[in-house]
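Trainee: Take this structure, written in structure tokens, and hold onto it; I'll ask about it next.
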Amino acid sequence: MAHRTRWAIALASLLLGASACNAYRLEPPTGFAEVNHHDTGARMKAGDNVGLNVTVFENVRGGTLEFWSTDLVRKLAARGYTLLHHEPVRSDNGKSGTRFDFAYKNREDEEKFYSVLLFVTDKHRVVVEVAGNEALATQYRPRLASIAGDLKVRGCKPGGDLCNGEQAKGLLAAPPPAKTEKPEETAAGDTVVPPSGEPTAPVDTATDSKGSP
Amino acid sequence: MTHVTRLGFALLLGLPGCSKGSAYERSASSPPSEAYDGEATVYDFSDEAVPEIAMAAPSDAAVDADFAPEEPQPITVAQGEIAAPRRAEAPKKTSSTAPDTGEPAVAKPDPEQDSRYIVYTAAMTIAVFDLAEALAIAERFPDTFGGYLSSLSGGAVILRVPAAKLRPAMDALAELGNVEQRSLTAQEVTAEFVDIESRIRALTETHAQLLTLLSQARNVEEALEVRAALDRINGELEVLKGRMRHLSNLIAFSTLHITFIERGPHDIVPTSNDPFPWVDRLGVEATEWR
């Protein structure tokens with residue numbers, strides 16, 4: 001009996017140890033099926049071709065949520081993504097991250113919605129992307145807060161403050177030098193940065209943690 | 001005693017050679033070294049130095065992309081009737097395109113300023129997310145920088161850009177995406193240019209003398225002989241002037257070969273000078289299913 005107990009404890013600790021190696025844990029949200037899963041992420045698909053990707057990148061010293069948020073928005077803006085909105089989110093295990101909603105037109109001029117959840121820990125950057133046809137945005141965007149709420153993010157050092165780092169403020173994107181479009185204001189009061197735009201005006205950071213866009 | 005002797009020798013031997021200060025003083029006060037002389041010769045544009053370099057080795061020389069081509073002073077090469085022979089027109093300033101013919105103006109650098117004639121050829125390979133847009137922008141480059149579009153095929157574009165605008169044009173192109181390859185080649189054609197120029201001058205003088213002879217011909221036979229010689233000279237002049245126009249065009253308008261490569265979110269293309277290309281792996285194309 002004692003022998004069996006020892007085996008059970010060893011097996012349990014082995015399983016716990018293995019799961020602790022993963023940078024994240026996310027069950028496929030309702031309506032999504034997991035297409036593949038590997039060490040650095042997973043790909044999921046909904047019936048209407050909306051995709052959900054989880055990608056894990058290693059973090060580096062000095063890589064804060066604020067730093068990576070700015071980097072993400074700037075580089076996506078250079079590729080034609082228009083930042084519509086961003087707000088703080090919180091994971092299932094209480095780590096703070098940021099949610100970004102972008103508008104995008106692909107090469108065929110089809111409008112797409114693209115949302116990103118970004119969490120930064122001492123060890124990793126965990127990125128959850130959701131993308132699909134713009135017409136499906138109203139169906140999927142409201143679910144992002146709950147997807148973030150189902151996500152467990154690991155890699156925080158005990159006592160460290162990186163996992164609850166500050167949100168990026170005044171996110172900027174760069175327009176091409178020739179085009180100097182005037183930033184527009186959304187209904188929510190956020191400044192919309194034109195795709196590939198030069199920093200024109202800071203994008204306001206929403207303060208609520210689980211609000212809808 | 002032995003120890004003291006050794007120390008004394010060491011001091012005596014060491015003093016002249018080990019003093020960094022004296023060595024520095026010597027090099028600073030001495031005349032420039034040979035290497036320095038060589039560099040000075042390269043940048044010496046005097047009449048003595050340049051032809052020696054240009055004619056001894058008129059080979060292609062890859063130069064640093066930062067090298068700024070000097071602004072040529074455009075001239076028009078005489079295209080007039082050879083029947084009324086005259087010397088090639090003196091260099092005069094024109095716009096980058098000849099308004100009469102619509103063709104690019106034939107230009108050459110002002111010999112007063114720079115006696116070297118150089119043909120620049122540049123090539124760039126740029127990875128872009130939107131190939132069609134990049135091609136459209138490249139097509140419009142002559143509107144901004146002058147010159148003209150020489151060819152457009154697939155993702156390959158050849159632009160002829162005024163030599164003075166080559167570097168700004170390359171910098172503007174680099175803004176379109178990630179520059180994966182960039183090169184600039186300078187071919188010195190001074191020797192060929194000067195040779196053609198002097199041959200044209202000599203033939204033009206001969207032409208003028210033949211015309212004088214023709215006017216002094218006493219009979220038809222003499223006139224026919226002079227006329228035959230004139231025709232031969234005319235033919236040679238035409239060939240040389242054609243070559244001169246072509247060469248002048250090559251000098252005035254640098255050739256810029258651009259190859260656009262389409263990239264997607266899946267392509268891991270190192271972003272220029274960016275150590276964190278992580279966002280290259282993200283995006284709608286990488287996420288949405290089709």
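Chain lettering (A, B, ...) mirrors the order of the structure tokens, residue numbering begins at 1 for each chain separately, and ligand numbering begins at 1 in order of display.
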What are the closest atom pairs, with distances in Å to one decimal, for all residues of chain A lying within 7 Å of chain B? Consider only C-alpha atoms, order rows by chain and residue number, and present the result as JSON lines.

Mentor:
{"residue": "A:Asn49", "atom": "CA", "partner": "B:Trp289", "partner_atom": "CA", "distance": 4.7}
{"residue": "A:Val50", "atom": "CA", "partner": "B:Glu288", "partner_atom": "CA", "distance": 5.4}
{"residue": "A:Gly51", "atom": "CA", "partner": "B:Glu288", "partner_atom": "CA", "distance": 4.4}
{"residue": "A:Leu52", "atom": "CA", "partner": "B:Thr287", "partner_atom": "CA", "distance": 6.2}
{"residue": "A:Asn53", "atom": "CA", "partner": "B:Thr287", "partner_atom": "CA", "distance": 5.9}
{"residue": "A:Leu72", "atom": "CA", "partner": "B:Val279", "partner_atom": "CA", "distance": 6.3}
{"residue": "A:Lys75", "atom": "CA", "partner": "B:Val279", "partner_atom": "CA", "distance": 6.7}
{"residue": "A:Tyr114", "atom": "CA", "partner": "B:Val284", "partner_atom": "CA", "distance": 6.3}
{"residue": "A:Glu129", "atom": "CA", "partner": "B:Thr287", "partner_atom": "CA", "distance": 6.8}
{"residue": "A:Val130", "atom": "CA", "partner": "B:Thr287", "partner_atom": "CA", "distance": 6.7}
{"residue": "A:Ala131", "atom": "CA", "partner": "B:Glu288", "partner_atom": "CA", "distance": 5.2}
{"residue": "A:Gly132", "atom": "CA", "partner": "B:Glu288", "partner_atom": "CA", "distance": 5.3}

Trainee: Excluding Tyr140 (chain A) and residues on its chain fewer than 3 positions from it, collect all residues at most 12 Å away from it, counting only C-alpha atoms, and give them as a ChimeraX atom specification.

Mentor: /A:29-32,46,48-52,101,113-115,129-137,143-147,212-213

Trainee: Using only C-alpha atoms for the distances, tell me which of A:Ala103, A:Ala78, A:Leu117, A:Leu83 is nearest to Val54 (chain A).

Mentor: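 Ranking A:Ala103, A:Ala78, A:Leu117, A:Leu83 by distance to Val54 (chain A), first place goes to A:Leu117.
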
Trainee: For Gly160 (chain A), work out the shell of residues within 12 Å, counting only C-alpha atoms and skipping chain neighbours fewer than 6 positions away, then give it as a PDB file with C-alpha atoms, in the first residue's frame.

Mentor:
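The result, written out as selection_6.pdb:
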ATOM      1  CA  THR A  64       8.086  44.499 -20.304  1.00  0.00           C
ATOM      2  CA  LYS A  95      -1.609  37.974 -14.721  1.00  0.00           C
ATOM      3  CA  THR A 121       6.110  37.028 -17.973  1.00  0.00           C
ATOM      4  CA  ASP A 122       9.728  36.868 -16.865  1.00  0.00           C
ATOM      5  CA  LYS A 123      10.316  33.896 -19.126  1.00  0.00           C
TER       6      LYS A 123
END

Trainee: According to DSSP computed on the backbone, where in region 161-196 of chain B is there strand (DSSP E)? Give the residues as a list in words.

Mentor: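 Listing strand (DSSP E) positions across region 161-196 of chain B yields Val161, Pro162, Asn178, Val179, Glu180, Gln181, Arg182, Ser183, Leu184, Thr185, Ala186, Gln187 and Glu188 of chain B.
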
Trainee: Write to file, as an mmCIF file, in the first residue's frame, the residues of the selection just made, with all heavy atoms.

Mentor:
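selection.cif was written with the following content:
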data_model
loop_
_atom_site.group_PDB
_atom_site.id
_atom_site.type_symbol
_atom_site.label_atom_id
_atom_site.label_comp_id
_atom_site.auth_asym_id
_atom_site.auth_seq_id
_atom_site.Cartn_x
_atom_site.Cartn_y
_atom_site.Cartn_z
ATOM 1 N N VAL B 161 17.794 56.522 -63.356
ATOM 2 C CA VAL B 161 17.660 57.662 -62.447
ATOM 3 C C VAL B 161 18.811 58.639 -62.709
ATOM 4 O O VAL B 161 19.941 58.193 -62.904
ATOM 5 C CB VAL B 161 17.735 57.177 -60.977
ATOM 6 C CG1 VAL B 161 17.500 58.311 -60.012
ATOM 7 C CG2 VAL B 161 16.745 56.056 -60.740
ATOM 8 N N PRO B 162 18.534 59.949 -62.730
ATOM 9 C CA PRO B 162 19.652 60.885 -62.862
ATOM 10 C C PRO B 162 20.718 60.571 -61.815
ATOM 11 O O PRO B 162 20.384 60.322 -60.650
ATOM 12 C CB PRO B 162 19.006 62.248 -62.584
ATOM 13 C CG PRO B 162 17.579 62.066 -62.947
ATOM 14 C CD PRO B 162 17.243 60.650 -62.623
ATOM 15 N N ASN B 178 12.067 45.503 -46.421
ATOM 16 C CA ASN B 178 13.369 45.101 -45.886
ATOM 17 C C ASN B 178 14.368 44.955 -47.025
ATOM 18 O O ASN B 178 14.149 44.175 -47.942
ATOM 19 C CB ASN B 178 13.270 43.763 -45.163
ATOM 20 C CG ASN B 178 12.579 43.890 -43.840
ATOM 21 O OD1 ASN B 178 12.500 44.979 -43.278
ATOM 22 N ND2 ASN B 178 12.046 42.797 -43.350
ATOM 23 N N VAL B 179 15.442 45.687 -46.936
ATOM 24 C CA VAL B 179 16.462 45.588 -47.979
ATOM 25 C C VAL B 179 17.315 44.357 -47.688
ATOM 26 O O VAL B 179 17.990 44.292 -46.668
ATOM 27 C CB VAL B 179 17.338 46.852 -48.019
ATOM 28 C CG1 VAL B 179 18.404 46.733 -49.096
ATOM 29 C CG2 VAL B 179 16.474 48.074 -48.258
ATOM 30 N N GLU B 180 17.215 43.384 -48.571
ATOM 31 C CA GLU B 180 17.971 42.153 -48.354
ATOM 32 C C GLU B 180 19.315 42.190 -49.050
ATOM 33 O O GLU B 180 20.242 41.491 -48.665
ATOM 34 C CB GLU B 180 17.166 40.957 -48.853
ATOM 35 C CG GLU B 180 15.909 40.775 -48.044
ATOM 36 C CD GLU B 180 15.212 39.481 -48.353
ATOM 37 O OE1 GLU B 180 15.461 38.910 -49.424
ATOM 38 O OE2 GLU B 180 14.404 39.054 -47.527
ATOM 39 N N GLN B 181 19.398 42.962 -50.109
ATOM 40 C CA GLN B 181 20.668 43.058 -50.829
ATOM 41 C C GLN B 181 20.739 44.433 -51.480
ATOM 42 O O GLN B 181 19.731 44.950 -51.962
ATOM 43 C CB GLN B 181 20.723 41.943 -51.887
ATOM 44 C CG GLN B 181 22.034 41.816 -52.624
ATOM 45 C CD GLN B 181 22.009 42.516 -53.967
ATOM 46 O OE1 GLN B 181 20.975 42.624 -54.590
ATOM 47 N NE2 GLN B 181 23.148 43.007 -54.395
ATOM 48 N N ARG B 182 21.906 44.997 -51.432
ATOM 49 C CA ARG B 182 22.077 46.345 -51.989
ATOM 50 C C ARG B 182 23.494 46.447 -52.521
ATOM 51 O O ARG B 182 24.445 46.107 -51.837
ATOM 52 C CB ARG B 182 21.829 47.352 -50.863
ATOM 53 C CG ARG B 182 22.019 48.797 -51.220
ATOM 54 C CD ARG B 182 21.654 49.631 -49.997
ATOM 55 N NE ARG B 182 22.014 51.014 -50.187
ATOM 56 C CZ ARG B 182 21.265 52.042 -49.798
ATOM 57 N NH1 ARG B 182 20.125 51.835 -49.195
ATOM 58 N NH2 ARG B 182 21.644 53.265 -49.992
ATOM 59 N N SER B 183 23.642 46.889 -53.744
ATOM 60 C CA SER B 183 24.994 47.028 -54.289
ATOM 61 C C SER B 183 25.058 48.234 -55.207
ATOM 62 O O SER B 183 24.048 48.672 -55.751
ATOM 63 C CB SER B 183 25.391 45.766 -55.055
ATOM 64 O OG SER B 183 24.622 45.649 -56.222
ATOM 65 N N LEU B 184 26.239 48.748 -55.345
ATOM 66 C CA LEU B 184 26.454 49.891 -56.231
ATOM 67 C C LEU B 184 27.793 49.686 -56.917
ATOM 68 O O LEU B 184 28.803 49.429 -56.267
ATOM 69 C CB LEU B 184 26.454 51.191 -55.428
ATOM 70 C CG LEU B 184 26.711 52.479 -56.217
ATOM 71 C CD1 LEU B 184 25.600 52.712 -57.217
ATOM 72 C CD2 LEU B 184 26.807 53.661 -55.280
ATOM 73 N N THR B 185 27.775 49.763 -58.240
ATOM 74 C CA THR B 185 29.001 49.570 -58.997
ATOM 75 C C THR B 185 29.298 50.832 -59.789
ATOM 76 O O THR B 185 28.385 51.405 -60.391
ATOM 77 C CB THR B 185 28.831 48.384 -59.973
ATOM 78 O OG1 THR B 185 28.445 47.250 -59.213
ATOM 79 C CG2 THR B 185 30.123 48.077 -60.701
ATOM 80 N N ALA B 186 30.542 51.231 -59.766
ATOM 81 C CA ALA B 186 30.949 52.403 -60.534
ATOM 82 C C ALA B 186 31.933 51.963 -61.601
ATOM 83 O O ALA B 186 32.919 51.298 -61.296
ATOM 84 C CB ALA B 186 31.593 53.419 -59.605
ATOM 85 N N GLN B 187 31.607 52.299 -62.836
ATOM 86 C CA GLN B 187 32.508 51.947 -63.930
ATOM 87 C C GLN B 187 33.073 53.236 -64.520
ATOM 88 O O GLN B 187 32.322 54.077 -65.025
ATOM 89 C CB GLN B 187 31.746 51.159 -65.005
ATOM 90 C CG GLN B 187 32.655 50.683 -66.107
ATOM 91 C CD GLN B 187 31.886 50.132 -67.291
ATOM 92 O OE1 GLN B 187 30.661 50.181 -67.317
ATOM 93 N NE2 GLN B 187 32.594 49.629 -68.274
ATOM 94 N N GLU B 188 34.352 53.356 -64.456
ATOM 95 C CA GLU B 188 34.991 54.564 -64.969
ATOM 96 C C GLU B 188 35.114 54.460 -66.484
ATOM 97 O O GLU B 188 35.671 53.497 -67.007
ATOM 98 C CB GLU B 188 36.368 54.725 -64.329
ATOM 99 C CG GLU B 188 37.140 55.853 -64.930
ATOM 100 C CD GLU B 188 37.712 56.793 -63.902
ATOM 101 O OE1 GLU B 188 37.773 56.423 -62.737
ATOM 102 O OE2 GLU B 188 38.109 57.905 -64.289
#
